[in-house]
Amino acid sequence: MKHEKRGQIQVTFSWVYILIAGAVILLFFIGIVVKQKAVSEENLATDVVRVMESIFTGAGVSEKTKNFVDISGLADYTLFFDCSEGVTEFGIKDRGKAIQNEMDPIFAPLELQDTVMNLWSLPYNMPFKTIDFTFVSSRKSKIFFVGNDPFIDEFINATEGFDNVEKIIDPAEIVPGLNYQFRIIDFTGGTALAGGVPESLKGYDDNKITALVFTAAEQVDYYQKQGDIWKKLNQKPVKIISLPGERNAAKYAAIFAGDDDTYICSMGKAFFRLKYVLDVYDGKLNDIKNYYLADPELAVGDCYNYISDQGYDPNAEQSLRTLKNRLSACLVDFPNTYDSCIDLVSAANDLKISNQNLGEKGDCITLY
Amino acid sequence: MKRKGHKKKRGFFNVPRNKAAQVRLTETIAVLFIFFILVLFGIIFFYKYQTIALKQQQEELLGARAIDTTLKVLFMPELSCTKGSAEPEDNCFDLIKLKHANNTFKEYLTKYYFNIFSYSRIYVQEVYPNQEEIILYDKEKPPREDGSQGWERKEPTFFVITLKDEIKGASLPHYGFGYLVVEVYS
């Protein structure tokens with residue numbers, strides 16, 4: 001009897017032992033699988049943003065070219081874009097490591113979810129090409145224009161193929177459909193937003209509905225939905241600092257930028273780059289001046305007078321120097337000194353005129 | 001009928017009971033030994049695989065960086081040929097700007113241009129009319145603590161370009177040609 005009982009206990013114990021050991025082993029493997037899944041997703045997210053960075057590099061340099069990037073594999077994820085303290089950060093929300101970019105001005109919505117990403121780049125001229133602006137958008141990020149301004153038609157023609165730009169008479173016309181986010185661009189000076197958030201968009205999250213009001217030709221205010229009303233995001237009007245003309249990159253950028261902070265942050269990158277490009281042009285101007293000075297006949301000619309600060313008004317030397325000084329003032333405490341950057345425009349315009357004179361009137365060596 | 005009284009207690013494999021425990025213990029040790037050998041093999045295999053995969057990934061990244069850097073250099077406003085507000089001339093460098101860009105890149109290397117070019121050497125080799133080499137950027141990886149070279153590989157990329165010299169050409173710009181070399185360090 002004693003022996004039999006011991007045997008029974010031993011068998012039961014063995015089974016309990018096997019069960020516990022089996023469960024532990026099973027849990028171990030389940031743990032590995034779960035960990036691997038999380039690691040794979042993180043890796044995928046990191047790979048994706050790395051590829052995105054390469055795409056942005058390509059899109060950034062292929063001037064005026066539109067790129068449509070298939071991101072259907074990321075349809076369930078939300079891409080985010082941010083810019084603060086001169087650094088653009090983008091990646092997949094809550095996943096993987098975000099990419100940080102200190103160089104390229106990228107103007108994009110703060111969040112984006114779609115199957116196709118629209119990329120486009122335009123050169124920023126001040127007055128010579130300083131840098132390329134990269135614009136990011138998507139089909140489900142709708143842009144509605146209200147008002148009558150020649151720029152609206154220019155923008156619609158320029159963004160042909162994006163399939164997300166529309167001109168409407170009244171924001172009440174907006175049919176949301178299956179779109180992710182909406183932006184109203186108001187060229188009526190704010191009257192289009194006076195009626196509050198359109199009824200059809202009231203059910204959306206606040207951050208998905210934004211608006212931009214052109215309060216002057218080169219000045220905007222950013223708004224975001226807050227319940228049923230519009231909340232102004234910027235304290236001071238945001239100035240658009242660019243030379244007038246078609247394909248005004250800074251004006252286009254204001255429309256694609258997520259908010260006033262990211263817009264000013266990315267514009268800062270352009271101004272910092274301008275400082276270095278100006279340095280190169282300053283050297284080139286000196287070389288051209290010395291070339292004309294070396295020849296007594298050329299030193300009294302029109303070409304020299306369009307270059308030298310002792311010559312005609314405006315001249316390249318004086319305009320370039322003014323541009324450099326004003327840029328220093330603009331960058332002294334950026335972004336707090338952003339408003340003073342507007343002074344760059346007149347100096348850049350003078351330089352543009354000097355350069356045109358060099359090319360057209362005097363048949364001389366041009367600065368750019 | 002056999003007598004049971006003198007029979008020794010026997011266990012596993014008909015081995016005497018006192019010896020059966022020893023056999024079981026040896027058997028368990030052998031199983032554990034083989035198990036750990038297999039685990040060790042697995043770890044070695046995984047480690048080797050990871051090392052190779054990492055190397056491959058590093059090479060891929062180096063190649064991608066070389067292409068990206070070349071692309072950026074080719075379209076830099078500090079170097080490219082321009083004509084007023086018209087689009088810049090493709091694959092063309094302005095020789096006057098080129099000579100000054102070298103100083104600008106050097107002056108603002110840590111502050112700005114390192115973020116674009118990282119550890120690399122970029123130069124333009126003029127082929128016609130002269131054979132001058134113009135170094136634009138040169139930042140080698142710092143040596144290791146033991147004093148050995150800080151990089152393992154460098155990936156060169158070449159690109160044919162035209163070189164515009166407006167001063168030389170008087171009324172019409174003078175064009176030469178050469179190639180751009182971008183070497184990125186791993």
# chains A, B, ... in the order shown; residues from 1 in each chain; ligands from 1

call {"tool": "select_by_dssp", "arguments": {"residues": "segment 176-220 of chain A", "states": "strand (DSSP E or B)", "output": "MDAnalysis selection string"}}
result
chainID A and resid 181:186 209:216 219:220

call {"tool": "closest_atom_pairs", "arguments": {"of": "chain A", "to": "chain B", "cutoff": "6 Å", "atoms": "only C-alpha atoms", "output": "CSV"}}
result
residue,atom,partner,partner_atom,distance
A:Val277,CA,B:Glu78,CA,5.5
A:Val280,CA,B:His100,CA,5.4
A:Gly283,CA,B:His100,CA,5.9
A:Lys284,CA,B:Ile96,CA,5.9
A:Tyr368,CA,B:Thr82,CA,5.5

call {"tool": "residues_around", "arguments": {"residues": "segment 332-339 of chain A", "least_positions_apart": "2", "cutoff": "9 Å", "atoms": "only C-alpha atoms", "output": "JSON, numbers by chain"}}
result
{"A": [85, 238, 239, 241, 264, 265, 268, 327, 328, 329, 330, 341, 342, 343]}

call {"tool": "residues_around", "arguments": {"residues": "Lys141 of chain B", "least_positions_apart": "2", "cutoff": "10 Å", "atoms": "only C-alpha atoms", "output": "short mmCIF file (atom, residue, chain, number, x, y, z; two decimals) with N, CA and C atoms, in the first residue's frame"}}
result
data_model
loop_
_atom_site.label_atom_id
_atom_site.label_comp_id
_atom_site.auth_asym_id
_atom_site.auth_seq_id
_atom_site.Cartn_x
_atom_site.Cartn_y
_atom_site.Cartn_z
N SER B 118 28.42 65.35 -44.47
CA SER B 118 28.95 64.43 -43.45
C SER B 118 30.45 64.16 -43.71
N TYR B 119 30.90 62.93 -43.45
CA TYR B 119 32.32 62.61 -43.68
C TYR B 119 32.49 62.25 -45.15
N SER B 120 33.07 63.15 -45.90
CA SER B 120 33.27 62.86 -47.33
C SER B 120 34.33 63.79 -47.92
N ASP B 138 36.38 68.56 -47.76
CA ASP B 138 37.19 67.42 -47.34
C ASP B 138 37.10 67.26 -45.83
N LYS B 139 36.36 66.27 -45.42
CA LYS B 139 36.24 66.02 -43.98
C LYS B 139 36.35 64.51 -43.76
N PRO B 143 40.78 59.86 -36.64
CA PRO B 143 41.37 58.54 -36.36
C PRO B 143 40.86 57.95 -35.05
N ARG B 144 40.97 56.62 -34.97
CA ARG B 144 40.51 55.94 -33.75
C ARG B 144 41.47 56.23 -32.60
N GLN B 149 43.38 54.52 -38.83
CA GLN B 149 42.45 55.25 -39.70
C GLN B 149 41.00 55.13 -39.19
N GLY B 150 40.26 56.21 -39.22
CA GLY B 150 38.92 56.22 -38.66
C GLY B 150 37.84 55.62 -39.54
N TRP B 151 38.16 55.34 -40.79
CA TRP B 151 37.14 54.78 -41.68
C TRP B 151 37.61 53.46 -42.29
N GLU B 152 36.64 52.62 -42.67
CA GLU B 152 36.99 51.32 -43.24
C GLU B 152 36.94 51.33 -44.76
N VAL B 184 32.44 59.14 -50.15
CA VAL B 184 31.90 59.15 -48.78
C VAL B 184 32.60 58.07 -47.96
N TYR B 185 32.91 58.42 -46.71
CA TYR B 185 33.61 57.49 -45.82
C TYR B 185 32.62 56.72 -44.96
N SER B 186 32.91 55.42 -44.77
CA SER B 186 32.02 54.61 -43.93
C SER B 186 32.42 54.75 -42.46
#

call {"tool": "select_by_dssp", "arguments": {"residues": "segment 77-198 of chain A", "states": "alpha helix (DSSP H)", "output": "list in words"}}
result
Pro150, Phe151, Ile152, Asp153, Glu154, Phe155, Ile156, Asn157 and Ala158 of chain A

call {"tool": "write_last_selection", "arguments": {"atoms": "C-alpha atoms", "output": "short mmCIF file (atom, residue, chain, number, x, y, z; two decimals), in the first residue's frame"}}
result
data_model
loop_
_atom_site.label_atom_id
_atom_site.label_comp_id
_atom_site.auth_asym_id
_atom_site.auth_seq_id
_atom_site.Cartn_x
_atom_site.Cartn_y
_atom_site.Cartn_z
CA PRO A 150 -5.62 85.41 -59.86
CA PHE A 151 -3.41 83.39 -57.53
CA ILE A 152 -6.20 80.83 -57.01
CA ASP A 153 -6.24 79.85 -60.68
CA GLU A 154 -2.45 79.87 -60.78
CA PHE A 155 -2.34 77.50 -57.81
CA ILE A 156 -4.99 75.19 -59.25
CA ASN A 157 -3.15 74.99 -62.57
CA ALA A 158 0.20 74.48 -60.88
#

call {"tool": "residues_around", "arguments": {"residues": "Val165 of chain A", "least_positions_apart": "3", "cutoff": "9 Å", "atoms": "only C-alpha atoms", "output": "list in words"}}
result
Arg139, Ser141, Lys142, Ile143, Phe144, Phe145, Phe155, Ile156, Thr159, Glu160 and Phe162 of chain A

call {"tool": "residues_around", "arguments": {"residues": "Gly178 of chain B", "least_positions_apart": "3", "cutoff": "12 Å", "atoms": "only C-alpha atoms", "output": "MDAnalysis selection string"}}
result
chainID B and resid 91:93 95 123:134 158:164 175 181

call {"tool": "residues_around", "arguments": {"residues": "Thr134 of chain A", "least_positions_apart": "6", "cutoff": "6 Å", "atoms": "only C-alpha atoms", "output": "VMD selection string"}}
result
chain A and resid 60 106 120 to 121

call {"tool": "atom_distance", "arguments": {"atom1": "atom CA of Glu155 of chain B", "atom2": "atom CA of Tyr137 of chain B"}}
result
15.3 Å
